[in-house]
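Structure below is my_file.cif: mmCIF, C-alpha atoms.
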```cif
data_start
#
loop_
_atom_site.label_atom_id
_atom_site.label_comp_id
_atom_site.auth_asym_id
_atom_site.auth_seq_id
_atom_site.Cartn_x
_atom_site.Cartn_y
_atom_site.Cartn_z
CA MET A 170 -8.38 0.41 4.88
CA ASN A 171 -6.56 2.95 7.00
CA LYS A 172 -5.97 6.58 6.04
CA GLY A 173 -2.32 6.05 4.99
CA SER A 174 -2.78 3.09 2.66
CA PRO A 175 -3.86 5.04 -0.49
CA PHE A 176 -0.59 6.95 -0.26
CA VAL A 177 1.41 3.73 -0.05
CA ILE A 178 -0.40 2.38 -3.12
CA ILE A 179 0.26 5.62 -5.03
CA ILE A 180 3.96 5.57 -4.12
CA ILE A 181 4.34 1.93 -5.13
CA CYS A 182 2.58 2.56 -8.45
CA LEU A 183 4.76 5.60 -9.15
CA ILE A 184 7.92 3.64 -8.36
CA PHE A 185 6.94 0.84 -10.72
CA VAL A 186 5.85 3.07 -13.60
CA ASN A 187 9.04 5.14 -13.32
CA LEU A 188 11.22 2.03 -13.22
CA TYR A 189 9.35 0.73 -16.27
CA SER A 190 9.82 4.03 -18.14
CA PHE A 191 13.52 4.00 -17.27
CA PHE A 192 13.79 0.38 -18.45
CA LEU A 193 12.05 1.20 -21.75
CA PHE A 194 14.58 3.94 -22.52
CA TRP A 195 17.46 1.60 -21.67
CA ARG A 196 15.97 -1.19 -23.78
CA ASP A 197 15.20 1.06 -26.75
CA LYS A 198 18.75 2.43 -26.68
CA ARG A 199 20.14 -1.11 -26.74
CA LEU A 200 17.81 -2.04 -29.61
CA ALA A 201 18.91 1.08 -31.50
CA LEU A 202 22.58 0.20 -31.09
CA ASN A 203 21.95 -3.37 -32.27
CA HIS A 204 19.61 -2.36 -35.11
CA GLY A 205 16.76 -4.36 -33.57
CA TRP A 206 13.01 -3.78 -33.51
CA ARG A 207 12.44 -0.53 -31.65
CA ILE A 208 9.99 0.39 -28.93
CA PRO A 209 7.35 2.73 -30.39
CA GLU A 210 7.71 6.35 -29.30
CA SER A 211 4.02 6.30 -28.40
CA ARG A 212 4.76 3.69 -25.72
CA LEU A 213 7.62 5.78 -24.34
CA PHE A 214 5.31 8.79 -24.10
CA LEU A 215 2.41 6.75 -22.72
CA THR A 216 4.42 5.46 -19.77
CA ALA A 217 5.62 9.02 -19.12
CA LEU A 218 2.04 10.28 -19.26
CA LEU A 219 0.88 7.60 -16.82
CA GLY A 220 3.24 8.87 -14.12
CA GLY A 221 6.64 7.75 -15.36
CA ALA A 222 7.97 11.04 -16.69
CA ALA A 223 10.74 11.26 -14.07
CA GLY A 224 12.02 7.80 -14.97
CA ALA A 225 11.77 8.63 -18.68
CA ILE A 226 13.77 11.84 -18.25
CA LEU A 227 16.39 10.05 -16.18
CA GLY A 228 16.64 7.29 -18.80
CA MET A 229 16.81 9.82 -21.62
CA LYS A 230 19.66 11.71 -19.94
CA LEU A 231 21.57 8.73 -18.57
CA PHE A 232 21.50 6.73 -21.83
CA SER A 233 21.71 9.78 -24.14
CA HIS A 234 18.64 8.49 -25.90
CA LYS A 235 16.13 10.65 -27.80
CA THR A 236 17.98 13.75 -26.58
CA LYS A 237 18.05 15.35 -30.04
CA LYS A 238 14.31 14.99 -30.60
CA ALA A 239 12.46 18.15 -29.64
CA SER A 240 9.31 16.16 -28.91
CA PHE A 241 11.19 14.38 -26.11
CA ARG A 242 13.26 17.35 -24.92
CA ILE A 243 10.10 19.44 -24.53
CA GLY A 244 7.43 16.78 -24.10
CA LEU A 245 8.93 14.82 -21.21
CA PRO A 246 9.47 17.85 -18.93
CA PHE A 247 5.93 18.96 -19.79
CA LEU A 248 4.64 15.50 -18.82
CA LEU A 249 6.64 15.65 -15.59
CA VAL A 250 4.88 18.89 -14.66
CA LEU A 251 1.57 17.29 -15.62
CA ASN A 252 2.43 14.26 -13.44
CA ILE A 253 3.18 16.52 -10.47
CA ILE A 254 -0.03 18.52 -10.91
CA SER A 255 -2.06 15.31 -11.26
CA LEU A 256 -0.44 13.86 -8.15
CA TYR A 257 -1.26 17.02 -6.22
CA PHE A 258 -4.93 16.84 -7.18
CA LEU A 259 -5.06 13.12 -6.47
CA ILE A 260 -3.67 13.67 -2.99
CA GLN A 261 -6.10 16.54 -2.42
CA ALA A 262 -9.00 14.27 -3.41
CA ILE A 263 -7.83 11.58 -1.00
CA ILE A 264 -7.37 13.83 2.00
CA GLY A 265 -10.65 15.56 1.30
#
```
Full structure transcribed into structure tokens:
Amino acid sequence: MNKGSPFVIIIICLIFVNLYSFFLFWRDKRLALNHGWRIPESRLFLTALLGGAAGAILGMKLFSHKTKKASFRIGLPFLLVLNIISLYFLIQAIIG
């Protein structure tokens, strides 16, 4: 494996987890409007924790979903900062 490939894998993973987080917010908003079975908040937070906080925040803002809940208004930006710090340390570990 060459030196650049871990970065490509990290970027691809981050793209997918953020798209998935964004999709979950869209889907949960649709379910809420149609009074369907909802996506557990723990799953929304878990995907944000696993690197998808940016997608979750974008979904929250774009779909006006969970915007009145303090746990999301405060928690998602906190998780975004945690994602950025974790990414920094991961990159530092890779480059040595």
Worksheet entry | Surrounding residues of range 238-251 of chain A excluding itself and chain neighbours under 6 positions, 8 Å, all atoms listed in the file, as a count of residues only | 9
Mind working out the centre and edge lengths of an axis-aligned box for range 198-217 of chain A, all listed atoms inside, 8 Å added to each side, rounded to one decimal in Å and written as lines of an AutoDock Vina configuration file?
```
center_x = 12.5
center_y = 2.3
center_z = -27.1
size_x = 36.2
size_y = 29.4
size_z = 32.0
```
Discussion item. Could you list, as a list in words, every residue within 10 Å of range 172-184 of chain A, counting all atoms listed in the file and ignoring same-chain residues fewer than 3 positions away?
Written reply: Asn187, Leu188, Tyr189, Ser190, Leu219, Gly220, Gly221, Ala222, Ala223, Gly224, Asn252, Leu256, Leu259, Ile260, Ile263 and Ile264 of chain A
Discussion item. As an exercise, work out the distance from CA of Arg196 in chain A to CA of Leu227 in chain A in Å and give it to one decimal place.
Written reply: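 So the answer is 13.6 Å.
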Discussion item. For a quick check of understanding, using all atoms listed in the file, which of A:Thr236, A:Pro209, A:Gly265, A:Lys230 has the smallest distance to Asp197 in chain A?
Written reply: A:Pro209
Discussion item. Between A:Leu231, A:Leu193, A:Ala262, A:Ile254, which residue has the minimum interatomic distance to Glu210 in chain A, considering only C-alpha atoms?
Written reply: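 Of all the options, A:Leu193 lies closest to Glu210 in chain A.
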